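Participant: Can you keep this structure in mind? I'll have questions shortly.
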Amino acid sequence: MSIRFSDLPRRLSGTLLQAPAADTPVATLLLDSRRVGLTEGAVFFALRGPNHDGHQHLAALYAKGIRLFVVSQPPASLAPFAGAGFVQVADTLAALQALAAQHRAAFTGPVWAVTGSNGKTIVKEWLAQLLAPDEDICRSPKSYNSQVGVPLSVWELAPGRHTLGIFEAGISERGEMARLAAIIRPTHGIFTTLGTAHDAGFASAAEKLGEKLRLFERPGFELLVYCADQPAVHTAVRSRGLPALAWTRGAAPGAALRFRLTANSAGTTSVRVRLGEAEAAAHFTNERLALRLAARFTLPFADEPSVENALHCLAVLLWRQLDPAKALAPAEIQRRLLRLHPVAMRLEMKAGRHGCYLLDDTYNNDLAGLSLALDALSRQARPGGRTLILSDVLESGLSGAELYARVAALVQAHGVTRLIGVGEELSYELAEGVQHNQLLTPNSKLLTQFYPSTEALLAELRPADFQNETILIKGARRFGFERVVAALQQPQHGTVLEVNLDALTHNLQYYRQRLNPGTKLMVMVKAFAYGSGSYEVASLLEFQRADYLAVAYADEGQQLRDSGISLPIMVLNPGPDSFGQLRRYRLEPEIYSLERLHDYLQAAREATSDGAGPLPPLHIKLDTGMRRLGFAEEELPDLLALLAAHRAALPVAGIMTHLAAADDPAHDDFTRQQLSTFRRMAAAIEAVLGYPALKHALNSAGIRRFPEAQLDMVRLGVGLYGVEAGAEDAANLLPVSTLKTTISQIKTLPAGTTVGYGRRGAATDHERRVATLAIGYADGYDRRFSNGRGVVLLHGRRAPVVGSVCMDMVMVDVTDIADARPGDVAIVFGEALGISELAARIGTIAYELLTNVSERVKRVFVSE
């Protein structure tokens, strides 16, 4: 559904104050004046909140190129906003939600909604991962489940591309769910848990549950998946007559599926599936389904929250077995379950100092979350005490005395041996109760300490006081317990590649703003996204509405599909043995020779005869001067004849070429000759096809230097990752990756001492300090950096490499950096030590250094 700005007054019950110079289709809904990306078709909704007012940023947005505005209070004068469109509405948030709801109405496929008190984001992400090989999925980014986050998420739903939507819905007070339900309009749903989060916004737990279930009380709703082991939820769902599939780990009445769990010593959980009561399981009773359901499955988790979340997803997979078109072999279900990976911002397990083990759950703190986290703590088989560091419990809806009586009961029930409380309310209620023996059972050996604030705890915190303990750190976000984790965590002496997702977004918008209206954007994520991490980068690009991704090999595309990426993906180097993989995972091949085209034609025939379905459309690569891969112009007659004879079997998505020197002005005539040849050859191909194909030729450098040749699509590569293709780019791009390592040891060496293998670190006539760093050529640090050709940054100063780069370490001279100490962080490359400079030192290019960073190097993704 295409909505133009001129449609908004009618759709939003608003008033057109000023028509824009160009009545463009609405493409982007913009709420944050700091995150302006694609300006074409971007509509800014001036929202008001307790601490912000979007109306204050209209002039700044206009200066950045935004021309479409929805406001509740117009500027005093529209004269400074020449050419801009303004629509006035009574409530900009209501208008935003109404527009998203109308957009959703155009989508006719299934939409899943996930709600509950805990686990919404994880269940959403895992369900997307599990269904990605079969569906093109639009899902909420991160935990966008609020009154603002939901409309932004639903707006990304593309009726022409997506086959399935998965959205979170979270509420904190009465009336909110009705508004979210009108936007999401789910056909299917999952209810995770009913906990104490946001109790304060409701008169009772029953009222909160009723509000949450309003999400599924809409005409056309088909199925709710939930756990029948929650009596209140089970009763409420049945009393409302909602169409549902309930599962149980015991024998809850009315459950269609029964899961019997067995914990394994390897940190996994075995699941045996049984049918529940005959009436509830009626749909599953045919023989074929019974055989499929008899299989055992293994979940790659042992902690209670992960198991609970995974069982919701498993129930959905089993329900899909009812549809023969969506049914999976048990082995395929198992394969997908084992590929589930943890979702950030949830409980994490980390090594601590002095033999301790940390359970880091510093994301939120409510009674339900505390109970689940304590379950994880109590299941740890490690010897030693169990310590809980706990902040005030927020939004419980209970009085202080009642709340902390429950907390004390949970603490004792889970075998906690030491409680460290942080927060004025917790300190008062628990300390008073402990002092008067009101909260502890007789003979309790629980040790307690209380602090009014996190700062007070940190001032007295001594890691040596904790020996061989398992420590659960559970705090509400505002208490900043990540500082407590940092103080107790074992120092990390490894090497880390820090990827700045905000810088990546900045670079994407830098190139995007140079695109002509209607030009599509393909982004290269081959070679592990130039070393940055394929899935994480691809996920960001999907949210930022890139049009295509490109990978080198089919396996890379499959990994992205398995992780839930649904954008169209082109494969640069497909082999005949991967054609079946291309079909299964909807990957579009680059075809560059008659031999490969014949192979693809034969595979298409075999797939049709086997009933497997057609192969994906292809991209024809033309060699216009690179002299590497592609059809040369003299091969064009044979190519045209083959395409003309097999139009149906060989659908063409795109026609492409590769420019040899788009970044070098000295070769501009050659580049223009390439582009002229490409246009000529592409026109001949389209004439034979009888339909237009996506024509794409420009790379990162070409996007800026040859705007007249953007054609239908461009391919953004290394420029996205902050590697400049020219002086102007260098001034505008941000470095995305920072490679960091640490000092393992420092030695003071007498004059005349050599360093390293082969004594290649030559002796000097003076004493020097040499630091050994925890990085080597196995991590991707090139051996050509040996003997002073490489440098690192320590405390902002350069330290040259001494001797040969070893497999796992390298030595640098820190004689002139007196404050260098073991454990200090060294910058191998980053903003202050440019990767292009380092590449020039060893006669290579920045691409090589980026892509050489080993996958054994941990990637850390950061965003403001």
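Chain lettering (A, B, ...) mirrors the order of the structure tokens, residue numbering begins at 1 for each chain separately, and ligand numbering begins at 1 in order of display.
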Extract, using only C-alpha atoms, all DNA, RNA and protein residues at most 7 Å from Leu587 (chain A), discarding same-chain residues fewer than 6 positions from it, and format them as a PyMOL selection string.

Facilitator: chain A and resi 557+569-571+616

Participant: Skip Gly119 (chain A) itself and residues of its chain fewer than 2 positions away, then list as a PyMOL selection string all residues within 7 Å of it, counting only C-alpha atoms.

Facilitator: chain A and resi 121-123+192+309

Participant: Suppose we keep C-alpha atoms; can you now write the selection as a compact mmCIF listing (two decimals), in the first residue's frame?

Facilitator:
# COMPACT_ATOMS: atom_id res chain seq x y z
CA THR A 121 12.03 -10.46 23.14
CA ILE A 122 13.71 -13.85 23.37
CA VAL A 123 10.63 -15.75 22.20
CA THR A 192 4.88 -16.12 27.76
CA ASN A 309 11.07 -19.71 26.14

Participant: Using only C-alpha atoms, which residue out of A:Ala832, A:Leu597, A:Leu749, A:Met681 lies closest to Leu636 (chain A)?

Facilitator: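 Among A:Ala832, A:Leu597, A:Leu749, A:Met681, it is A:Met681 that comes nearest to Leu636 (chain A).
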
Participant: Ala839 (chain A): which residues within 12 Å, counting only C-alpha atoms, same-chain residues fewer than 3 positions away excluded, as a PyMOL selection string?

Facilitator: chain A and resi 723+781-782+784-785+789-791+828-829+833-836+842-850+852

Participant: How would you write, as a ChimeraX atom specification, the set of residues in region 112-275 of chain A that DSSP gives as strand (DSSP E)?

Facilitator: /A:112-115,137-139,164-168,188-191,223-227,244-248,257-263,269-275

Participant: Take the selection from the previous step and output its residues with N, CA and C atoms, as a compact mmCIF listing (two decimals), in the first residue's frame.

Facilitator:
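Saved result, part_16.txt, follows:
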# COMPACT_ATOMS: atom_id res chain seq x y z
N TRP A 112 2.03 -12.92 14.08
CA TRP A 112 2.13 -13.41 15.45
C TRP A 112 2.41 -12.24 16.38
N ALA A 113 1.73 -12.23 17.51
CA ALA A 113 2.00 -11.24 18.56
C ALA A 113 2.46 -11.98 19.80
N VAL A 114 3.47 -11.44 20.46
CA VAL A 114 4.02 -12.05 21.67
C VAL A 114 3.87 -11.06 22.81
N THR A 115 3.22 -11.50 23.88
CA THR A 115 3.09 -10.67 25.07
C THR A 115 3.29 -11.52 26.30
N ILE A 137 10.27 -12.88 7.06
CA ILE A 137 9.71 -12.44 8.33
C ILE A 137 10.02 -10.97 8.59
N CYS A 138 9.02 -10.24 9.01
CA CYS A 138 9.20 -8.90 9.56
C CYS A 138 8.97 -9.01 11.06
N ARG A 139 9.93 -8.55 11.85
CA ARG A 139 9.78 -8.67 13.30
C ARG A 139 10.20 -7.38 13.98
N LEU A 164 5.26 -13.23 6.80
CA LEU A 164 4.93 -13.44 8.20
C LEU A 164 5.42 -12.25 9.01
N GLY A 165 4.62 -11.84 10.00
CA GLY A 165 5.05 -10.81 10.93
C GLY A 165 5.10 -11.36 12.34
N ILE A 166 6.09 -10.91 13.13
CA ILE A 166 6.19 -11.30 14.54
C ILE A 166 6.49 -10.02 15.33
N PHE A 167 5.58 -9.65 16.22
CA PHE A 167 5.73 -8.39 16.94
C PHE A 167 5.49 -8.59 18.43
N GLU A 168 6.27 -7.86 19.23
CA GLU A 168 6.09 -7.85 20.69
C GLU A 168 5.05 -6.79 21.06
N HIS A 188 -2.24 -14.82 15.20
CA HIS A 188 -1.75 -15.85 16.11
C HIS A 188 -1.00 -15.15 17.24
N GLY A 189 -0.84 -15.85 18.36
CA GLY A 189 -0.16 -15.21 19.48
C GLY A 189 0.50 -16.19 20.42
N ILE A 190 1.41 -15.67 21.22
CA ILE A 190 2.07 -16.41 22.30
C ILE A 190 1.97 -15.59 23.56
N PHE A 191 1.52 -16.21 24.64
CA PHE A 191 1.55 -15.59 25.96
C PHE A 191 2.67 -16.27 26.74
N LEU A 223 -5.23 -18.50 16.83
CA LEU A 223 -4.59 -19.43 17.77
C LEU A 223 -3.72 -18.70 18.78
N LEU A 224 -3.85 -19.07 20.05
CA LEU A 224 -2.97 -18.58 21.11
C LEU A 224 -2.20 -19.76 21.70
N VAL A 225 -0.89 -19.66 21.73
CA VAL A 225 -0.03 -20.68 22.33
C VAL A 225 0.38 -20.20 23.71
N TYR A 226 0.20 -21.05 24.73
CA TYR A 226 0.56 -20.64 26.09
C TYR A 226 0.83 -21.89 26.92
N CYS A 227 1.40 -21.67 28.12
CA CYS A 227 1.70 -22.76 29.04
C CYS A 227 0.54 -22.92 30.03
N ALA A 244 -7.01 -21.80 21.21
CA ALA A 244 -5.70 -21.90 21.85
C ALA A 244 -5.11 -23.29 21.71
N LEU A 245 -3.79 -23.33 21.83
CA LEU A 245 -3.03 -24.56 21.97
C LEU A 245 -2.22 -24.42 23.24
N ALA A 246 -2.57 -25.20 24.26
CA ALA A 246 -1.87 -25.14 25.54
C ALA A 246 -0.89 -26.30 25.65
N TRP A 247 0.23 -26.03 26.30
CA TRP A 247 1.20 -27.09 26.56
C TRP A 247 1.50 -27.14 28.05
N THR A 248 1.98 -28.28 28.50
CA THR A 248 2.25 -28.45 29.92
C THR A 248 3.51 -29.30 30.11
N LEU A 257 -0.42 -30.52 24.36
CA LEU A 257 0.92 -31.09 24.28
C LEU A 257 1.51 -31.21 25.68
N ARG A 258 2.17 -32.35 25.93
CA ARG A 258 2.87 -32.54 27.19
C ARG A 258 4.36 -32.72 26.90
N PHE A 259 5.16 -31.93 27.59
CA PHE A 259 6.61 -32.02 27.44
C PHE A 259 7.20 -32.64 28.70
N ARG A 260 7.94 -33.71 28.54
CA ARG A 260 8.65 -34.31 29.66
C ARG A 260 10.13 -33.96 29.51
N LEU A 261 10.70 -33.30 30.51
CA LEU A 261 12.06 -32.77 30.41
C LEU A 261 13.04 -33.60 31.22
N THR A 262 14.25 -33.71 30.69
CA THR A 262 15.35 -34.36 31.40
C THR A 262 16.59 -33.49 31.25
N ALA A 263 17.16 -33.06 32.37
CA ALA A 263 18.37 -32.25 32.33
C ALA A 263 19.57 -33.14 32.01
N THR A 269 18.98 -29.83 27.60
CA THR A 269 17.76 -30.41 28.15
C THR A 269 17.06 -31.26 27.10
N SER A 270 16.75 -32.52 27.44
CA SER A 270 16.01 -33.40 26.54
C SER A 270 14.52 -33.20 26.74
N VAL A 271 13.78 -33.22 25.63
CA VAL A 271 12.34 -33.02 25.67
C VAL A 271 11.67 -34.19 24.97
N ARG A 272 10.77 -34.86 25.67
CA ARG A 272 9.96 -35.91 25.06
C ARG A 272 8.54 -35.37 24.94
N VAL A 273 7.97 -35.48 23.73
CA VAL A 273 6.65 -34.91 23.47
C VAL A 273 5.59 -36.00 23.56
N ARG A 274 4.52 -35.67 24.25
CA ARG A 274 3.37 -36.56 24.33
C ARG A 274 2.11 -35.73 24.05
N LEU A 275 1.10 -36.39 23.52
CA LEU A 275 -0.18 -35.71 23.34
C LEU A 275 -0.89 -35.60 24.68

Participant: If you take only C-alpha atoms and a cut-off of 9 Å, which residues of region 689-771 of chain A touch region 503-508 of chain A, and what are their nearest atom pairs and distances in Å to one decimal, in chain and number order, as a tab-separated table?

Facilitator:
residue	atom	partner	partner_atom	distance
A:Leu716	CA	A:Leu508	CA	8.5
A:Gly719	CA	A:Asn507	CA	7.3
A:Leu720	CA	A:Asn507	CA	5.3
A:Tyr721	CA	A:Leu504	CA	6.3
A:Gly722	CA	A:Asn507	CA	6.7
A:Asn732	CA	A:Asn507	CA	8.0
A:Leu733	CA	A:Asn507	CA	5.6
A:Leu734	CA	A:Ala503	CA	5.6
A:Pro735	CA	A:Ala503	CA	6.7
A:Val736	CA	A:Ala503	CA	5.4
A:Ser737	CA	A:Ala503	CA	8.9

Participant: Quick one: write out the picked residues with all heavy atoms as a short mmCIF file (atom, residue, chain, number, x, y, z; two decimals), in the first residue's frame?

Facilitator:
data_model
loop_
_atom_site.label_atom_id
_atom_site.label_comp_id
_atom_site.auth_asym_id
_atom_site.auth_seq_id
_atom_site.Cartn_x
_atom_site.Cartn_y
_atom_site.Cartn_z
N LEU A 716 26.88 -1.28 -2.13
CA LEU A 716 27.71 -0.65 -1.12
C LEU A 716 28.57 -1.70 -0.44
O LEU A 716 28.03 -2.67 0.12
CB LEU A 716 26.84 0.08 -0.09
CG LEU A 716 27.55 0.75 1.09
CD1 LEU A 716 28.56 1.78 0.60
CD2 LEU A 716 26.53 1.41 2.01
N GLY A 719 32.93 0.73 1.93
CA GLY A 719 32.63 2.07 2.42
C GLY A 719 31.72 2.07 3.63
O GLY A 719 31.82 2.91 4.51
N LEU A 720 30.81 1.09 3.68
CA LEU A 720 29.93 0.99 4.84
C LEU A 720 30.71 0.80 6.12
O LEU A 720 30.30 1.27 7.19
CB LEU A 720 28.97 -0.20 4.64
CG LEU A 720 28.03 -0.51 5.80
CD1 LEU A 720 26.97 0.58 5.94
CD2 LEU A 720 27.36 -1.86 5.63
N TYR A 721 31.84 0.15 6.03
CA TYR A 721 32.63 -0.21 7.22
C TYR A 721 33.68 0.86 7.56
O TYR A 721 34.55 0.63 8.38
CB TYR A 721 33.26 -1.58 7.00
CG TYR A 721 32.22 -2.61 6.67
CD1 TYR A 721 31.93 -2.93 5.34
CD2 TYR A 721 31.45 -3.21 7.66
CE1 TYR A 721 30.93 -3.84 5.02
CE2 TYR A 721 30.44 -4.11 7.35
CZ TYR A 721 30.19 -4.42 6.02
OH TYR A 721 29.19 -5.31 5.71
N GLY A 722 33.55 2.02 6.89
CA GLY A 722 34.38 3.17 7.26
C GLY A 722 35.71 3.25 6.57
O GLY A 722 36.56 4.05 6.95
N ASN A 732 34.11 12.10 5.78
CA ASN A 732 32.71 11.96 6.18
C ASN A 732 32.35 10.62 6.79
O ASN A 732 31.30 10.50 7.42
CB ASN A 732 31.80 12.21 4.96
CG ASN A 732 31.77 13.68 4.54
OD1 ASN A 732 31.08 14.48 5.15
ND2 ASN A 732 32.54 14.01 3.52
N LEU A 733 33.20 9.62 6.60
CA LEU A 733 32.90 8.29 7.14
C LEU A 733 33.46 8.13 8.54
O LEU A 733 34.45 8.77 8.91
CB LEU A 733 33.48 7.20 6.23
CG LEU A 733 32.92 7.14 4.81
CD1 LEU A 733 33.63 6.05 4.02
CD2 LEU A 733 31.43 6.89 4.83
N LEU A 734 32.82 7.28 9.31
CA LEU A 734 33.29 6.96 10.65
C LEU A 734 33.86 5.56 10.67
O LEU A 734 33.30 4.65 10.05
CB LEU A 734 32.15 7.05 11.66
CG LEU A 734 31.48 8.41 11.83
CD1 LEU A 734 30.31 8.31 12.81
CD2 LEU A 734 32.47 9.45 12.30
N PRO A 735 34.98 5.34 11.38
CA PRO A 735 35.49 3.96 11.52
C PRO A 735 34.50 3.12 12.31
O PRO A 735 34.00 3.54 13.34
CB PRO A 735 36.81 4.15 12.26
CG PRO A 735 36.68 5.46 12.97
CD PRO A 735 35.80 6.32 12.11
N VAL A 736 34.22 1.95 11.80
CA VAL A 736 33.23 1.07 12.43
C VAL A 736 33.89 0.11 13.41
O VAL A 736 33.35 -0.19 14.47
CB VAL A 736 32.45 0.30 11.35
CG1 VAL A 736 31.63 -0.83 11.95
CG2 VAL A 736 31.56 1.26 10.57
N SER A 737 35.08 -0.38 13.06
CA SER A 737 35.71 -1.45 13.83
C SER A 737 36.93 -0.95 14.59
O SER A 737 37.75 -0.20 14.05
CB SER A 737 36.13 -2.60 12.91
OG SER A 737 35.00 -3.15 12.26
#

Participant: Give me, as a PyMOL selection string, the residues of region 642-779 of chain A that a backbone DSSP run labels alpha helix (DSSP H).

Facilitator: chain A and resi 642-645+668-689+700-705+727-732

Participant: Write a file of the just-selected residues containing N, CA, C and O atoms, as a compact mmCIF listing (two decimals), in the first residue's frame.

Facilitator:
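Output file again_16.txt is given in full below:
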# COMPACT_ATOMS: atom_id res chain seq x y z
N LEU A 642 20.32 -18.46 -25.41
CA LEU A 642 19.94 -19.34 -24.31
C LEU A 642 18.81 -18.75 -23.48
O LEU A 642 17.86 -19.44 -23.09
N LEU A 643 18.88 -17.45 -23.22
CA LEU A 643 17.82 -16.80 -22.45
C LEU A 643 16.51 -16.79 -23.22
O LEU A 643 15.43 -16.99 -22.64
N ALA A 644 16.58 -16.56 -24.52
CA ALA A 644 15.36 -16.52 -25.33
C ALA A 644 14.67 -17.89 -25.37
O ALA A 644 13.44 -17.99 -25.37
N ALA A 645 15.47 -18.96 -25.37
CA ALA A 645 14.91 -20.31 -25.48
C ALA A 645 14.36 -20.82 -24.15
O ALA A 645 13.58 -21.78 -24.14
N ASP A 668 39.11 7.43 -15.15
CA ASP A 668 37.70 7.75 -15.35
C ASP A 668 37.22 7.45 -16.76
O ASP A 668 36.07 7.02 -16.97
N ASP A 669 38.06 7.68 -17.76
CA ASP A 669 37.64 7.37 -19.13
C ASP A 669 37.37 5.87 -19.28
O ASP A 669 36.42 5.47 -19.96
N PHE A 670 38.21 5.05 -18.67
CA PHE A 670 38.01 3.60 -18.73
C PHE A 670 36.72 3.22 -18.02
O PHE A 670 35.96 2.37 -18.50
N THR A 671 36.45 3.86 -16.88
CA THR A 671 35.22 3.56 -16.14
C THR A 671 34.00 3.93 -16.97
O THR A 671 33.02 3.17 -17.04
N ARG A 672 34.02 5.10 -17.62
CA ARG A 672 32.89 5.50 -18.45
C ARG A 672 32.72 4.55 -19.63
O ARG A 672 31.59 4.26 -20.07
N GLN A 673 33.83 4.04 -20.16
CA GLN A 673 33.75 3.07 -21.24
C GLN A 673 33.10 1.78 -20.73
O GLN A 673 32.26 1.19 -21.42
N GLN A 674 33.46 1.35 -19.50
CA GLN A 674 32.81 0.18 -18.91
C GLN A 674 31.30 0.39 -18.79
O GLN A 674 30.51 -0.50 -19.13
N LEU A 675 30.92 1.56 -18.30
CA LEU A 675 29.49 1.82 -18.09
C LEU A 675 28.74 1.87 -19.41
O LEU A 675 27.60 1.39 -19.50
N SER A 676 29.37 2.42 -20.45
CA SER A 676 28.73 2.46 -21.77
C SER A 676 28.53 1.05 -22.32
O SER A 676 27.46 0.72 -22.85
N THR A 677 29.56 0.22 -22.17
CA THR A 677 29.45 -1.17 -22.62
C THR A 677 28.35 -1.90 -21.84
O THR A 677 27.57 -2.67 -22.42
N PHE A 678 28.30 -1.65 -20.55
CA PHE A 678 27.28 -2.30 -19.72
C PHE A 678 25.88 -1.92 -20.16
O PHE A 678 25.00 -2.79 -20.30
N ARG A 679 25.64 -0.63 -20.39
CA ARG A 679 24.31 -0.21 -20.81
C ARG A 679 23.92 -0.87 -22.13
O ARG A 679 22.77 -1.30 -22.31
N ARG A 680 24.87 -0.95 -23.05
CA ARG A 680 24.59 -1.54 -24.35
C ARG A 680 24.23 -3.03 -24.23
O ARG A 680 23.26 -3.51 -24.80
N MET A 681 25.03 -3.76 -23.44
CA MET A 681 24.79 -5.19 -23.28
C MET A 681 23.50 -5.45 -22.50
O MET A 681 22.72 -6.35 -22.83
N ALA A 682 23.26 -4.66 -21.45
CA ALA A 682 22.06 -4.85 -20.64
C ALA A 682 20.80 -4.59 -21.45
O ALA A 682 19.78 -5.30 -21.31
N ALA A 683 20.84 -3.58 -22.33
CA ALA A 683 19.68 -3.29 -23.16
C ALA A 683 19.36 -4.46 -24.08
O ALA A 683 18.18 -4.80 -24.30
N ALA A 684 20.38 -5.09 -24.63
CA ALA A 684 20.16 -6.24 -25.50
C ALA A 684 19.54 -7.40 -24.73
O ALA A 684 18.65 -8.12 -25.23
N ILE A 685 19.99 -7.61 -23.50
CA ILE A 685 19.44 -8.70 -22.67
C ILE A 685 17.99 -8.42 -22.33
O ILE A 685 17.12 -9.31 -22.42
N GLU A 686 17.67 -7.19 -21.92
CA GLU A 686 16.29 -6.87 -21.56
C GLU A 686 15.35 -6.98 -22.76
O GLU A 686 14.18 -7.36 -22.62
N ALA A 687 15.86 -6.68 -23.95
CA ALA A 687 15.04 -6.81 -25.15
C ALA A 687 14.63 -8.27 -25.37
O ALA A 687 13.50 -8.57 -25.78
N VAL A 688 15.55 -9.19 -25.09
CA VAL A 688 15.26 -10.61 -25.24
C VAL A 688 14.33 -11.10 -24.12
O VAL A 688 13.41 -11.89 -24.35
N LEU A 689 14.58 -10.62 -22.91
CA LEU A 689 13.76 -11.06 -21.77
C LEU A 689 12.31 -10.61 -21.90
O LEU A 689 11.39 -11.31 -21.49
N SER A 700 31.16 1.25 -3.81
CA SER A 700 31.17 2.35 -2.84
C SER A 700 31.72 3.63 -3.46
O SER A 700 31.11 4.71 -3.32
N ALA A 701 32.85 3.55 -4.13
CA ALA A 701 33.45 4.74 -4.73
C ALA A 701 32.57 5.28 -5.84
O ALA A 701 32.40 6.50 -6.00
N GLY A 702 31.99 4.39 -6.63
CA GLY A 702 31.17 4.82 -7.75
C GLY A 702 29.91 5.54 -7.34
O GLY A 702 29.40 6.39 -8.08
N ILE A 703 29.37 5.22 -6.16
CA ILE A 703 28.14 5.88 -5.71
C ILE A 703 28.34 7.39 -5.66
O ILE A 703 27.46 8.15 -6.06
N ARG A 704 29.49 7.81 -5.16
CA ARG A 704 29.75 9.26 -5.06
C ARG A 704 30.28 9.84 -6.36
O ARG A 704 29.90 10.94 -6.75
N ARG A 705 31.11 9.10 -7.06
CA ARG A 705 31.83 9.68 -8.19
C ARG A 705 31.06 9.59 -9.52
O ARG A 705 31.34 10.35 -10.45
N ALA A 727 39.27 11.13 -0.74
CA ALA A 727 39.47 12.12 0.32
C ALA A 727 38.15 12.61 0.90
O ALA A 727 38.01 12.78 2.11
N GLU A 728 37.16 12.86 0.03
CA GLU A 728 35.87 13.34 0.54
C GLU A 728 35.20 12.29 1.42
O GLU A 728 34.66 12.61 2.48
N ASP A 729 35.28 11.03 1.00
CA ASP A 729 34.70 9.98 1.82
C ASP A 729 35.42 9.89 3.16
O ASP A 729 34.80 9.70 4.21
N ALA A 730 36.74 10.01 3.13
CA ALA A 730 37.52 9.88 4.36
C ALA A 730 37.08 10.91 5.40
O ALA A 730 37.10 10.66 6.60
N ALA A 731 36.69 12.09 4.94
CA ALA A 731 36.30 13.15 5.86
C ALA A 731 34.90 12.95 6.42
O ALA A 731 34.54 13.58 7.41
N ASN A 732 34.11 12.10 5.78
CA ASN A 732 32.71 11.96 6.18
C ASN A 732 32.35 10.62 6.79
O ASN A 732 31.30 10.50 7.42

Participant: As a VMD selection string, please: the residues near region 520-523 of chain A (cut-off 7 Å, only C-alpha atoms, same-chain neighbours under 2 positions excluded).

Facilitator: chain A and resid 518 525 546 to 550 712 to 717

Participant: Here is a test: counting only C-alpha atoms, which residue of A:Pro707, A:Pro568, A:Gly494, A:Gly690 is nearest to Tyr511 (chain A)?

Facilitator: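 For Tyr511 (chain A), the nearest of the given residues is A:Pro707.
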
Participant: Using only C-alpha atoms, which residues of region 476-553 of chain A come within 9 Å of region 140-157 of chain A, and what is the closest atom pair for each, with the distance in Å to one decimal? Give it as a Markdown table, sorted by chain and residue number.

Facilitator:
| residue | atom | partner | partner_atom | distance |
| --- | --- | --- | --- | --- |
| A:Ser539 | CA | A:Pro141 | CA | 8.6 |
| A:Leu540 | CA | A:Pro141 | CA | 8.7 |
| A:Phe543 | CA | A:Pro141 | CA | 6.9 |
| A:Arg545 | CA | A:Glu156 | CA | 8.0 |

Participant: Kindly save the residues from that selection, with N, CA and C atoms included, as a PDB file, in the first residue's frame.

Facilitator:
ATOM      1  N   SER A 539      21.330  -7.814  10.381  1.00  0.00           N
ATOM      2  CA  SER A 539      20.137  -7.484  11.152  1.00  0.00           C
ATOM      3  C   SER A 539      19.925  -5.977  11.198  1.00  0.00           C
ATOM      4  N   LEU A 540      21.000  -5.229  11.393  1.00  0.00           N
ATOM      5  CA  LEU A 540      20.895  -3.773  11.390  1.00  0.00           C
ATOM      6  C   LEU A 540      20.457  -3.272  10.016  1.00  0.00           C
ATOM      7  N   PHE A 543      16.797  -3.714   9.439  1.00  0.00           N
ATOM      8  CA  PHE A 543      16.011  -2.698  10.126  1.00  0.00           C
ATOM      9  C   PHE A 543      16.116  -1.347   9.432  1.00  0.00           C
ATOM     10  N   ARG A 545      16.298  -0.903   6.368  1.00  0.00           N
ATOM     11  CA  ARG A 545      15.575  -1.014   5.106  1.00  0.00           C
ATOM     12  C   ARG A 545      16.487  -1.006   3.887  1.00  0.00           C
TER      13      ARG A 545
END

Participant: Contacts of region 405-421 of chain A at 7 Å or less, counting only C-alpha atoms, minus same-chain residues fewer than 6 places along, as an NGL selection string?

Facilitator: :A and (371 or 374-375 or 378 or 385-391 or 427 or 439 or 445-451)

Participant: Restricting the calculation to only C-alpha atoms, which member of A:Glu173, A:Glu207, A:Glu308, A:Glu482 is positioned closest to Asn118 (chain A)?

Facilitator: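 Checking each of A:Glu173, A:Glu207, A:Glu308, A:Glu482 against Asn118 (chain A), counting only C-alpha atoms, the winner is A:Glu308.
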
Participant: Go through A:Ile184, A:Ala169, A:Ala228, A:Ala46 one by one, measure the shortest atom-to-atom distance of each to Lys124 (chain A) using only C-alpha atoms, and give the residue with the smallest value.

Facilitator: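 Closest candidate: A:Ala169.
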
Participant: Kindly indicate which residue among A:Arg353, A:Lys326, A:His341, A:His57 lies nearest to Ala310 (chain A), using only C-alpha atoms for the distances.

Facilitator: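 Ranking A:Arg353, A:Lys326, A:His341, A:His57 by distance to Ala310 (chain A), first place goes to A:His341.
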
Participant: Quick one: distance from CA of Pro243 (chain A) to CA of Lys120 (chain A) in Å, one decimal?

Facilitator: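 Answer for the CA of Pro243 (chain A) to CA of Lys120 (chain A) separation: 20.4 Å.
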
Participant: Could you tell me how far CA of Ala82 (chain A) sits from CA of Phe45 (chain A), in Å to one decimal place?

Facilitator: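 According to the coordinates, CA of Phe45 (chain A) and CA of Ala82 (chain A) are separated by 18.4 Å.
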
Participant: Might you pull out every residue within 7 Å of region 739-747 of chain A, with only C-alpha atoms counted and same-chain residues fewer than 3 positions away left off, and present them as a list in words?

Facilitator: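 What passes the distance filter is His493, Gly494, Thr495, Val496, Leu497, Glu498, Arg769, Val770, Ala771, Thr772, Leu773, Ala774, Ile775, Pro822, Gly823, Asp824, Val825, Ala826, Ile827, Val828, Phe829 and Gly830 of chain A.
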
Participant: So the first atom is CA of Gly400 (chain A) and the second is CA of Glu424 (chain A); what is the distance between them in Å, to one decimal place?

Facilitator: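 Those two atoms sit 11.2 Å apart.
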